[in-house]
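Structure file input.cif with mmCIF, C-alpha atoms:
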data_query
loop_
_atom_site.label_atom_id
_atom_site.label_comp_id
_atom_site.auth_asym_id
_atom_site.auth_seq_id
_atom_site.Cartn_x
_atom_site.Cartn_y
_atom_site.Cartn_z
CA MET A 243 0.00 0.00 0.00
CA SER A 244 2.97 2.30 0.32
CA ASP A 245 3.59 4.77 -2.43
CA GLU A 246 5.88 7.71 -2.91
CA GLN A 247 3.08 10.25 -2.64
CA GLU A 248 2.35 9.35 0.97
CA ASP A 249 4.90 11.87 2.18
CA ASP A 250 2.73 14.61 0.74
CA ILE A 251 -0.50 13.59 2.44
CA ILE A 252 -1.57 15.93 5.22
CA LEU A 253 -3.91 13.91 7.41
CA ALA A 254 -5.70 16.92 8.85
CA GLU A 255 -6.77 17.98 5.35
CA LEU A 256 -8.55 14.71 4.61
CA ASP A 257 -12.27 14.32 5.22
CA ASP A 258 -13.36 11.67 7.70
CA ASP A 259 -13.82 8.85 5.20
CA GLU A 260 -10.51 9.57 3.49
CA LEU A 261 -8.74 9.82 6.80
CA VAL A 262 -10.05 6.47 8.00
CA LEU A 263 -8.97 4.81 4.76
CA GLN A 264 -5.59 6.48 5.04
CA MET A 265 -5.29 5.20 8.61
CA HIS A 266 -5.97 1.69 7.33
CA ASP A 267 -3.09 2.17 4.88
CA ASP A 268 -0.86 3.62 7.61
CA LEU A 269 -1.67 0.73 9.91
CA TYR A 270 -0.83 -1.69 7.11
CA ASP A 271 2.49 0.06 6.68
CA GLY A 272 3.16 0.11 10.43
CA LEU A 273 3.33 3.90 10.67
CA LYS A 274 2.94 4.48 14.38
CA GLU A 275 3.21 8.28 14.43
CA GLU A 276 0.69 8.66 11.62
CA ILE A 277 -1.77 6.46 13.51
CA GLU A 278 -1.35 8.56 16.65
CA GLU A 279 -1.92 11.70 14.59
CA GLY A 280 -4.99 10.21 12.90
CA VAL A 281 -6.52 9.17 16.21
CA ASN A 282 -6.00 12.65 17.64
CA ILE A 283 -7.54 14.31 14.59
CA LEU A 284 -10.64 12.11 14.79
CA LEU A 285 -10.97 12.84 18.50
CA GLU A 286 -10.76 16.57 17.79
CA ARG A 287 -13.51 16.13 15.19
CA GLY A 288 -15.75 14.68 17.87
CA TRP A 289 -15.55 10.99 17.02
CA THR A 290 -16.18 8.76 20.01
CA PRO A 291 -13.19 6.68 21.10
CA TYR A 292 -15.16 3.50 20.41
CA LYS A 293 -15.94 4.56 16.84
CA ILE A 294 -12.26 5.35 16.21
CA LEU A 295 -11.22 2.04 17.72
CA THR A 296 -13.57 -0.04 15.63
CA GLU A 297 -13.68 1.84 12.33
CA ALA A 298 -10.12 3.12 12.06
CA LEU A 299 -8.00 0.65 14.04
CA VAL A 300 -9.76 -2.71 14.30
CA ALA A 301 -11.04 -2.56 10.71
CA GLY A 302 -7.54 -1.68 9.53
CA MET A 303 -6.00 -4.53 11.50
CA LYS A 304 -8.51 -6.90 9.93
CA VAL A 305 -6.94 -6.21 6.52
CA VAL A 306 -3.52 -6.90 8.03
CA GLY A 307 -4.77 -10.13 9.60
CA ASP A 308 -6.40 -11.30 6.37
CA ASP A 309 -3.25 -10.65 4.36
CA PHE A 310 -1.15 -12.45 6.95
CA ARG A 311 -3.47 -15.45 6.78
CA ASP A 312 -3.25 -15.41 2.98
CA GLY A 313 0.55 -15.25 2.95
CA ILE A 314 0.72 -11.71 1.58
CA LEU A 315 2.12 -10.19 4.77
CA PHE A 316 4.67 -11.78 7.08
CA VAL A 317 5.39 -11.64 10.78
CA PRO A 318 7.62 -8.52 10.81
CA GLU A 319 5.02 -6.46 8.96
CA VAL A 320 2.23 -7.70 11.24
CA LEU A 321 4.27 -6.73 14.29
CA LEU A 322 4.88 -3.25 12.96
CA ALA A 323 1.17 -2.86 12.26
CA ALA A 324 0.40 -4.14 15.76
CA ASN A 325 2.82 -1.64 17.29
CA ALA A 326 1.07 1.15 15.38
CA MET A 327 -2.33 -0.06 16.55
CA LYS A 328 -1.06 -0.32 20.10
CA ALA A 329 0.03 3.33 19.95
CA GLY A 330 -3.47 4.32 18.83
CA MET A 331 -5.07 2.22 21.55
CA PHE A 332 -2.80 3.78 24.14
CA ILE A 333 -4.44 7.14 23.42
CA LEU A 334 -7.95 5.69 23.31
CA LYS A 335 -7.85 3.35 26.31
CA PRO A 336 -8.37 5.90 29.10
CA LEU A 337 -11.02 7.65 27.02
CA LEU A 338 -12.85 4.38 26.43
CA VAL A 339 -13.07 3.91 30.19
CA GLU A 340 -14.57 7.38 30.55
CA THR A 341 -16.96 7.27 27.63
CA GLY A 342 -17.90 3.61 27.81
CA ALA A 343 -17.86 0.92 25.17
CA PRO A 344 -19.71 -2.36 24.78
CA LYS A 345 -18.24 -4.99 27.09
CA MET A 346 -17.94 -8.39 25.47
CA GLY A 347 -16.52 -10.33 28.40
CA LYS A 348 -13.37 -10.83 30.37
CA MET A 349 -10.35 -12.92 29.41
CA VAL A 350 -7.34 -14.11 31.34
CA ILE A 351 -4.49 -14.84 28.96
CA GLY A 352 -0.90 -16.03 29.34
CA THR A 353 1.91 -18.13 27.95
CA VAL A 354 2.29 -21.47 29.73
CA LYS A 355 4.96 -22.51 32.22
CA GLY A 356 8.40 -23.03 30.73
CA ASP A 357 7.68 -20.85 27.72
CA ILE A 358 8.74 -17.24 27.21
CA HIS A 359 7.24 -16.67 23.77
CA ASP A 360 4.60 -14.01 23.78
CA ILE A 361 4.32 -12.51 20.31
CA GLY A 362 1.17 -14.42 19.36
CA LYS A 363 -0.30 -14.06 22.82
CA ASN A 364 0.24 -10.29 22.74
CA LEU A 365 -1.44 -10.02 19.34
CA VAL A 366 -4.43 -11.99 20.59
CA ALA A 367 -4.66 -9.84 23.73
CA MET A 368 -4.54 -6.66 21.68
CA MET A 369 -7.16 -7.78 19.16
CA MET A 370 -9.43 -9.08 21.91
CA GLU A 371 -9.15 -5.76 23.68
CA GLY A 372 -9.94 -4.00 20.41
CA ALA A 373 -13.04 -6.16 20.11
CA GLY A 374 -14.28 -5.04 23.52
CA PHE A 375 -12.99 -7.77 25.80
CA GLU A 376 -11.37 -6.89 29.09
CA ILE A 377 -7.97 -8.52 29.31
CA ARG A 378 -5.87 -9.64 32.25
CA ASP A 379 -2.53 -10.50 30.67
CA LEU A 380 -0.45 -12.76 32.87
CA GLY A 381 2.60 -12.56 30.64
CA ILE A 382 4.93 -15.52 30.17
CA ASN A 383 5.88 -18.69 32.06
CA ASN A 384 2.65 -19.21 33.99
CA PRO A 385 2.07 -22.13 36.33
CA VAL A 386 -1.43 -23.50 36.74
CA GLU A 387 -1.86 -21.72 40.08
CA ASP A 388 -1.46 -18.31 38.43
CA TYR A 389 -4.08 -19.05 35.80
CA ILE A 390 -6.61 -20.29 38.32
CA ALA A 391 -6.01 -17.46 40.78
CA ALA A 392 -6.45 -14.86 38.04
CA LEU A 393 -9.61 -16.50 36.69
CA GLU A 394 -11.15 -16.42 40.13
CA GLU A 395 -9.98 -12.90 40.98
CA GLU A 396 -11.26 -11.48 37.73
CA LYS A 397 -14.43 -13.55 37.56
CA ALA A 398 -13.35 -14.11 33.99
CA ASP A 399 -15.31 -15.71 31.18
CA ILE A 400 -12.42 -16.94 29.07
CA LEU A 401 -9.03 -18.51 29.64
CA GLY A 402 -6.52 -18.12 26.81
CA MET A 403 -3.31 -20.16 26.83
CA SER A 404 -0.43 -19.90 24.42
CA ALA A 405 2.70 -21.97 23.76
CA LEU A 406 5.32 -21.93 21.04
CA LEU A 407 7.24 -25.05 21.92
CA THR A 408 6.42 -28.70 21.41
CA THR A 409 7.90 -29.26 24.84
CA THR A 410 5.68 -26.72 26.61
CA MET A 411 2.34 -27.15 24.88
CA PRO A 412 1.43 -30.27 26.93
CA TYR A 413 1.30 -28.02 29.98
CA MET A 414 -2.04 -26.72 28.74
CA LYS A 415 -3.47 -30.12 29.58
CA VAL A 416 -2.04 -29.85 33.10
CA VAL A 417 -3.96 -26.59 33.53
CA ILE A 418 -7.21 -28.00 32.15
CA ASP A 419 -6.92 -31.21 34.16
CA THR A 420 -6.32 -29.22 37.32
CA MET A 421 -9.40 -27.13 36.60
CA LYS A 422 -11.39 -30.35 36.13
CA GLU A 423 -10.12 -31.72 39.45
CA LYS A 424 -11.24 -28.52 41.13
CA GLY A 425 -14.62 -28.74 39.45
CA ILE A 426 -14.25 -25.37 37.73
CA ARG A 427 -13.46 -26.43 34.16
CA ASP A 428 -16.95 -25.77 32.84
CA ASP A 429 -17.09 -22.32 34.39
CA TYR A 430 -14.79 -20.99 31.67
CA ILE A 431 -14.37 -20.94 27.93
CA ILE A 432 -10.87 -22.24 27.22
CA LEU A 433 -9.12 -21.14 24.04
CA VAL A 434 -5.62 -22.30 23.10
CA GLY A 435 -3.16 -21.24 20.43
CA GLY A 436 0.47 -21.26 19.33
CA ALA A 437 2.51 -22.31 16.33
CA PRO A 438 2.87 -26.06 16.99
CA LEU A 439 -0.75 -26.54 18.07
CA ASN A 440 -3.60 -27.75 15.91
CA GLU A 441 -7.30 -28.48 16.26
CA GLU A 442 -6.70 -32.11 17.12
CA PHE A 443 -4.41 -31.13 19.99
CA GLY A 444 -6.96 -28.62 21.26
CA ARG A 445 -9.64 -31.30 21.31
CA ALA A 446 -7.34 -33.90 22.87
CA ILE A 447 -6.48 -31.73 25.86
CA GLY A 448 -10.08 -30.69 26.44
CA ALA A 449 -9.96 -27.05 25.31
CA ASP A 450 -13.08 -25.50 23.84
CA ALA A 451 -11.26 -24.36 20.74
CA TYR A 452 -7.90 -24.03 19.06
CA CYS A 453 -7.44 -20.59 17.46
CA ARG A 454 -4.93 -20.43 14.65
CA ASP A 455 -4.54 -16.64 14.77
CA ALA A 456 -5.72 -13.51 16.56
CA ALA A 457 -8.65 -12.89 14.22
CA VAL A 458 -9.94 -16.43 14.74
CA ALA A 459 -9.50 -16.02 18.50
CA VAL A 460 -11.72 -12.92 18.48
CA GLU A 461 -14.43 -14.54 16.37
CA THR A 462 -14.33 -17.73 18.43
CA ALA A 463 -14.53 -15.81 21.69
CA LYS A 464 -17.48 -13.76 20.43
CA SER A 465 -19.27 -16.88 19.29
CA PHE A 466 -18.78 -18.68 22.61
CA MET A 467 -19.83 -15.60 24.57
CA SER A 468 -22.99 -15.24 22.56
CA ARG A 469 -23.84 -18.91 23.19
CA LYS A 470 -23.14 -18.36 26.88
CA HIS A 471 -25.51 -15.40 26.96
CA ASN A 472 -28.17 -17.39 25.12
CA ARG A 473 -27.87 -20.23 27.60
CA ALA A 474 -28.13 -17.79 30.48
CA ALA A 475 -31.23 -16.22 28.92
CA GLU A 476 -32.88 -19.63 28.50
CA ALA A 477 -32.16 -20.68 32.05
CA MET B 67 31.62 -33.05 -2.81
CA ARG B 68 30.52 -30.96 0.17
CA PRO B 69 27.09 -29.39 -0.55
CA ASP B 70 26.99 -25.65 0.02
CA ASP B 71 24.81 -24.16 2.76
CA ASN B 72 22.71 -21.98 0.51
CA THR B 73 21.69 -24.98 -1.59
CA LEU B 74 20.89 -26.96 1.56
CA THR B 75 18.78 -24.08 2.82
CA GLU B 76 16.90 -23.32 -0.37
CA ARG B 77 16.71 -26.55 -2.37
CA GLY B 78 17.97 -29.44 -0.28
CA LEU B 79 19.94 -32.32 -1.72
CA ALA B 80 18.96 -35.13 -4.09
CA PRO B 81 20.01 -38.67 -3.12
CA LEU B 82 23.72 -39.07 -3.68
CA GLY B 83 23.17 -42.55 -5.12
CA GLY B 84 25.56 -45.48 -4.97
CA THR B 85 24.97 -49.10 -5.81
CA ARG B 86 25.43 -50.39 -2.26
CA ALA B 87 22.99 -47.99 -0.61
CA ARG B 88 20.13 -49.82 1.14
CA ILE B 89 19.06 -47.19 3.63
CA LEU B 90 18.06 -43.67 2.69
CA LEU B 91 18.64 -41.05 5.34
CA LEU B 92 16.02 -38.42 4.59
CA ALA B 93 17.30 -35.41 6.47
CA CYS B 94 16.73 -31.74 7.07
CA GLY B 95 19.28 -29.78 5.02
CA ALA B 96 20.62 -28.35 8.29
CA LEU B 97 22.01 -31.81 9.15
CA ALA B 98 23.72 -32.64 5.85
CA HIS B 99 27.29 -31.85 6.89
CA GLU B 100 27.00 -33.77 10.14
CA VAL B 101 25.45 -36.83 8.47
CA LEU B 102 28.07 -36.86 5.71
CA ALA B 103 30.82 -36.57 8.32
CA LEU B 104 29.42 -39.54 10.26
CA LYS B 105 28.99 -41.57 7.07
CA GLN B 106 32.58 -40.98 6.08
CA LEU B 107 33.94 -41.55 9.56
CA ASN B 108 32.14 -44.87 9.94
CA GLY B 109 32.29 -46.09 6.36
CA TRP B 110 28.52 -46.33 6.13
CA ASP B 111 28.42 -46.84 2.36
CA HIS B 112 25.11 -48.65 2.64
CA MET B 113 23.48 -45.38 3.72
CA ASP B 114 22.51 -42.76 1.19
CA LEU B 115 21.57 -39.18 2.04
CA ALA B 116 18.84 -36.92 0.66
CA CYS B 117 17.90 -33.58 2.22
CA LEU B 118 14.81 -31.43 2.20
CA PRO B 119 15.39 -27.68 2.14
CA ALA B 120 16.38 -26.49 5.60
CA LYS B 121 14.19 -23.41 5.16
CA LEU B 122 11.14 -25.61 5.73
CA HIS B 123 11.79 -24.80 9.38
CA LEU B 124 10.45 -21.34 8.74
CA TYR B 125 7.10 -23.02 8.07
CA PRO B 126 7.06 -26.16 10.26
CA GLU B 127 3.50 -26.96 9.24
CA LYS B 128 4.85 -27.82 5.77
CA ILE B 129 7.37 -30.39 7.01
CA PRO B 130 5.07 -33.45 7.35
CA GLN B 131 3.80 -33.18 3.79
CA ALA B 132 7.28 -32.56 2.38
CA VAL B 133 8.57 -35.63 4.22
CA GLU B 134 5.67 -37.72 2.99
CA GLU B 135 6.24 -36.71 -0.63
CA ALA B 136 9.95 -37.52 -0.38
CA VAL B 137 9.32 -40.89 1.28
CA LEU B 138 6.84 -41.87 -1.42
CA ARG B 139 9.21 -40.65 -4.14
CA HIS B 140 12.22 -42.62 -2.92
CA ARG B 141 10.98 -45.65 -1.04
CA ALA B 142 11.03 -48.06 -3.99
CA GLN B 143 14.79 -47.59 -4.37
CA TYR B 144 15.71 -48.50 -0.77
CA ASP B 145 15.09 -51.19 1.80
CA GLU B 146 14.47 -48.58 4.46
CA ILE B 147 14.08 -44.84 4.90
CA PHE B 148 15.14 -43.19 8.15
CA VAL B 149 13.78 -39.67 8.63
CA LEU B 150 16.34 -37.37 10.22
CA TYR B 151 13.99 -34.82 11.68
CA ALA B 152 12.97 -34.36 15.29
CA ASP B 153 9.50 -32.96 15.99
CA CYS B 154 10.80 -29.59 14.75
CA GLY B 155 7.75 -27.56 15.76
CA THR B 156 5.21 -29.79 14.05
CA GLY B 157 3.41 -30.48 17.32
CA GLY B 158 3.47 -34.27 16.84
CA LEU B 159 2.18 -34.17 13.27
CA LEU B 160 5.49 -35.34 11.80
CA ALA B 161 5.62 -38.30 14.19
CA ALA B 162 2.07 -39.21 13.21
CA LYS B 163 2.96 -38.93 9.53
CA CYS B 164 6.07 -41.09 9.90
CA ALA B 165 4.09 -43.69 11.84
CA ALA B 166 1.47 -43.78 9.08
CA LEU B 167 4.21 -44.18 6.47
CA GLY B 168 5.93 -46.88 8.50
CA VAL B 169 9.26 -45.06 8.73
CA ASP B 170 11.37 -44.22 11.77
CA MET B 171 12.42 -40.71 12.72
CA LEU B 172 14.77 -39.15 15.26
CA GLU B 173 13.68 -38.73 18.84
CA GLY B 174 13.44 -35.36 20.51
CA PRO B 175 11.83 -31.97 20.06
CA HIS B 176 14.45 -30.44 17.74
CA CYS B 177 18.07 -30.58 16.65
CA TYR B 178 19.34 -28.49 19.58
CA SER B 179 18.04 -31.20 21.82
CA PHE B 180 19.42 -34.27 20.05
CA PHE B 181 22.81 -32.66 19.42
CA GLU B 182 23.16 -31.99 23.12
CA GLY B 183 21.55 -35.32 23.97
CA ASN B 184 17.79 -35.43 24.54
CA ASP B 185 18.12 -36.49 28.17
CA ILE B 186 20.60 -33.76 29.03
CA PHE B 187 18.58 -31.15 27.16
CA ALA B 188 15.37 -32.14 28.91
CA SER B 189 17.08 -32.10 32.30
CA ARG B 190 17.97 -28.43 31.85
CA GLY B 191 14.24 -27.66 31.93
CA ASP B 192 13.10 -24.19 32.85
CA ALA B 193 16.65 -23.10 33.69
CA GLU B 194 17.24 -22.72 29.95
CA MET B 195 13.91 -21.21 29.11
CA THR B 196 15.54 -17.91 28.14
CA ALA B 197 18.21 -19.46 25.91
CA PHE B 198 18.26 -19.04 22.14
CA TYR B 199 20.15 -21.87 20.47
CA LEU B 200 22.31 -22.04 17.39
CA THR B 201 24.06 -25.05 15.85
CA ASP B 202 26.99 -24.97 13.40
CA PHE B 203 24.60 -24.77 10.47
CA LEU B 204 22.54 -22.01 12.04
CA VAL B 205 25.63 -20.02 12.94
CA ARG B 206 26.66 -20.12 9.28
CA GLN B 207 23.11 -19.45 8.05
CA PHE B 208 22.11 -16.95 10.74
CA ASP B 209 21.08 -14.25 8.31
CA ALA B 210 18.96 -16.63 6.23
CA PHE B 211 17.21 -18.21 9.23
CA VAL B 212 17.05 -15.48 11.84
CA TRP B 213 18.05 -12.00 10.81
CA ARG B 214 16.22 -11.64 7.48
CA PRO B 215 13.05 -13.72 8.12
CA LEU B 216 12.42 -11.81 11.34
CA GLY B 217 12.86 -8.55 9.44
CA LEU B 218 15.68 -7.38 11.70
CA ASP B 219 17.67 -6.24 8.67
CA ARG B 220 14.86 -3.83 7.77
CA HIS B 221 13.36 -3.14 11.19
CA PRO B 222 15.97 -3.42 13.96
CA GLU B 223 13.42 -1.86 16.33
CA LEU B 224 11.66 -5.25 16.41
CA ARG B 225 14.57 -6.74 18.35
CA ASP B 226 12.85 -6.33 21.70
CA THR B 227 9.58 -7.77 20.41
CA TYR B 228 11.35 -10.98 19.38
CA PHE B 229 14.15 -11.27 21.89
CA GLY B 230 13.08 -9.17 24.86
CA ASN B 231 12.40 -12.28 26.94
CA TYR B 232 15.64 -14.04 25.99
CA ARG B 233 18.77 -13.72 28.07
CA LYS B 234 21.51 -15.67 26.30
CA LEU B 235 22.48 -17.17 23.00
CA VAL B 236 23.86 -20.69 23.40
CA TYR B 237 26.04 -21.98 20.59
CA LEU B 238 25.88 -25.78 20.58
CA SER B 239 28.83 -26.66 18.36
CA GLN B 240 29.19 -29.89 16.42
CA THR B 241 32.73 -29.15 15.27
CA SER B 242 35.57 -27.22 16.87
CA ASP B 243 35.97 -24.22 14.64
CA ALA B 244 37.32 -20.91 15.93
CA THR B 245 35.81 -19.03 12.98
CA LEU B 246 32.33 -20.29 13.80
CA GLU B 247 32.77 -19.44 17.44
CA THR B 248 33.72 -15.87 16.55
CA LEU B 249 30.70 -15.69 14.27
CA ALA B 250 28.37 -17.07 16.97
CA ARG B 251 29.69 -14.55 19.47
CA ASP B 252 28.96 -11.81 16.96
CA HIS B 253 25.41 -13.07 16.44
CA ALA B 254 24.89 -12.84 20.21
CA ARG B 255 26.18 -9.27 20.14
CA ARG B 256 23.81 -8.38 17.29
CA LEU B 257 20.87 -9.79 19.25
CA ARG B 258 22.13 -8.10 22.44
CA LEU B 259 22.21 -11.43 24.28
CA GLU B 260 24.80 -12.96 26.56
CA TYR B 261 26.91 -15.62 24.91
CA GLU B 262 27.61 -19.20 25.91
CA HIS B 263 29.38 -21.94 23.99
CA ARG B 264 28.90 -25.67 24.58
CA HIS B 265 30.57 -28.25 22.44
CA THR B 266 28.15 -31.13 21.85
CA GLY B 267 29.63 -33.02 18.93
CA PHE B 268 26.98 -35.05 17.10
CA GLY B 269 25.17 -36.19 20.26
CA ASP B 270 22.16 -38.45 19.80
CA LEU B 271 22.39 -38.11 16.03
CA ALA B 272 25.52 -40.28 16.08
CA ARG B 273 23.94 -42.72 18.53
CA GLU B 274 20.76 -43.16 16.52
CA LEU B 275 22.59 -43.53 13.19
CA THR B 276 24.93 -46.09 14.73
CA GLN B 277 21.91 -48.10 15.90
CA LYS B 278 20.42 -47.93 12.42
CA ALA B 279 23.71 -48.93 10.75
#
Please lay out the structure from this file as C-alpha cells.
Amino acid sequence: MSDEQEDDIILAELDDDELVLQMHDDLYDGLKEEIEEGVNILLERGWTPYKILTEALVAGMKVVGDDFRDGILFVPEVLLAANAMKAGMFILKPLLVETGAPKMGKMVIGTVKGDIHDIGKNLVAMMMEGAGFEIRDLGINNPVEDYIAALEEEKADILGMSALLTTTMPYMKVVIDTMKEKGIRDDYIILVGGAPLNEEFGRAIGADAYCRDAAVAVETAKSFMSRKHNRAAEA
Amino acid sequence: MRPDDNTLTERGLAPLGGTRARILLLACGALAHEVLALKQLNGWDHMDLACLPAKLHLYPEKIPQAVEEAVLRHRAQYDEIFVLYADCGTGGLLAAKCAALGVDMLEGPHCYSFFEGNDIFASRGDAEMTAFYLTDFLVRQFDAFVWRPLGLDRHPELRDTYFGNYRKLVYLSQTSDATLETLARDHARRLRLEYEHRHTGFGDLARELTQKA
C-alpha cells in the first residue's frame, strides 16, 4: 500500500472517510506516528473513542490479519502494524473507560509454564481488547496456580493459553486437568493457540477451541460468549 | 563433494546414489554436513543421504507433507528410509505422519536437543527457558534463518519484540571451529544477548545412526 506520494499527504486535510482509509493504509504500513496523529484528529472532530477504535483501528487490522493469513504479509510487517495499533489504543484506552464501550466479556491470557514466547499471545490480547474484551494479561511462564487465581480474581469468562514449543504445549493439559479436578473447568471458555498446536491437539487436551490466529481467536470468543448469553437467557 | 549451505537451505539435496545404498537417510538440510561426516567416519556406504530444504523450518506446518512426498518418491529404491527430523515444531504431526508411512524418525523436540543429547537437554528444563540456540549450520546461516526472516535487517526496532524475553544465545557446536565461534559470538552481540558456547559433537544423532547402521 505504500507509495511515494504518501509523504505529501496531510492527514488533517482529509475528510473523515478519506482519513479512516488512510489510517488503514498507515496501519498496514506500520506507521505508528501517523496512527497517533490520525486518532487525535478524529478525537478533535468529535468521534467517540469506540468509533475510532472499531472503524479506524480494528477494521484496519482486519486487513492486516487477512493478508497475513493469505501469505501476503509476514510476521515482521504484522508486528509493525500491531505496534502502530497499540500506539493508537494507548491514546484511546483511558477515554474508552470514561466514555464507555460495549463490554464483550473478560479474558485471562498467558503463555504457559516453561515458555517465554509471547508474540502471538500479545497479538491476541490486543485484538481481543480492540473487540471489547477486558484482558488480564499474565505474561509468560505461567504455572497453573497463576491461571486459576487470576480466573477467580477477575471472575473471567475466558481462559486463553499460548505456547510456542512442542515441549511446553502439553502443559495446557495440566492446567485444564487441574481445573477439572477442582470442578471449575466448565465455568470458563478455554481457548488455546500457538505455532505447533492444531485443532486435534486442542480437542485432545479438552480445550473448547484451538485458534490459529488472533482474528480467529476474536471470532471464536465472540461466538462462545454469545452462546453463553443465550444459555443464560434460557435458564 | 561438500554441498553448500545456501543450496541446503533453499533446495535441499537429491540422493547421492551409490549401488550399495540400502538405507536412505532423509534429512533436514541443516544436518547434511554432520550426516556426511558420520557416514565418512564410519564407512557407512550402505546409507545414502537426501535432504529437504532447511528453510522448511520457517514453516514447520509444511514439514510433514514434504517428508511424505519424499518418502513416497524414494521408497522403492531403498530397503528402508530413516527420517532425520525431530519434531521440529510440528506439534506431533510429523511423528504421526512417519508412523502412518511406516518409517522411523529421530527422537526429541528439535536438533538443539538431540545434538546436546535429549536427556541432558530435557534435564535443563526451565533453567534454559531464556536461551536461544544455534548449531553450526545455524551459525553459518544466521542471516537466512534469523536476521532476514524476522525482518531485523529492515526493522531493527523489532529486536525487543522478538528477543526481549531471551537472556543468552547458546552456541551448541558440532565441530571445533574458531571461525564459527567468533561468528556465533557476533550473532549474540547483534541480538544483544549474553553468549555461551557448549561443544556437543553429534550427540544423539551419532547414537541413533549407529543403531540404524
Written as a short mmCIF file (atom, residue, chain, number, x, y, z; two decimals) with C-alpha atoms, in the coordinates of the input, which residues does the PyMOL selection byres ((chain B) within 6 of (chain A)) give for the file shown?
data_model
loop_
_atom_site.label_atom_id
_atom_site.label_comp_id
_atom_site.auth_asym_id
_atom_site.auth_seq_id
_atom_site.Cartn_x
_atom_site.Cartn_y
_atom_site.Cartn_z
CA GLY B 155 7.75 -27.56 15.76
CA THR B 156 5.21 -29.79 14.05
CA GLY B 157 3.41 -30.48 17.32
CA ASP B 192 13.10 -24.19 32.85
CA LEU B 216 12.42 -11.81 11.34
CA GLY B 217 12.86 -8.55 9.44
#
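With distances restricted to all atoms listed in the file, B:Ala210 is the closest residue to B:Lys121 from B:Ala210, B:Ala136, B:Ala93, B:Ala87.
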### Near-A:Ala373 list (8 Å; only C-alpha atoms; drop same-chain fewer than 4 positions) as number ranges by chain
A: 296, 300, 346, 369, 460
Report as lines of an AutoDock Vina configuration file the centre and the edge lengths, in Å to one decimal, of the axis-aligned box holding every listed atom of stretch 93-110 of chain B, padded by 8 Å on each side.
center_x = 25.3
center_y = -37.3
center_z = 7.6
size_x = 33.2
size_y = 34.0
size_z = 21.2
### Query
Expanded to explicit residues, what is the PyMOL selection byres ((chain B and resi 206) around 8) for this file, as number ranges by chain?
B: 71, 202-205, 207-208, 246, 249
### Surrounding residues of B:Leu259 excluding itself and chain neighbours under 4 positions, 9 Å, only C-alpha atoms, as a list in words
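Once the nearby chain positions are removed, what remains is Phe198, Phe229, Tyr232, Arg233, Lys234, Leu235, His253, Ala254 and Arg255 of chain B.
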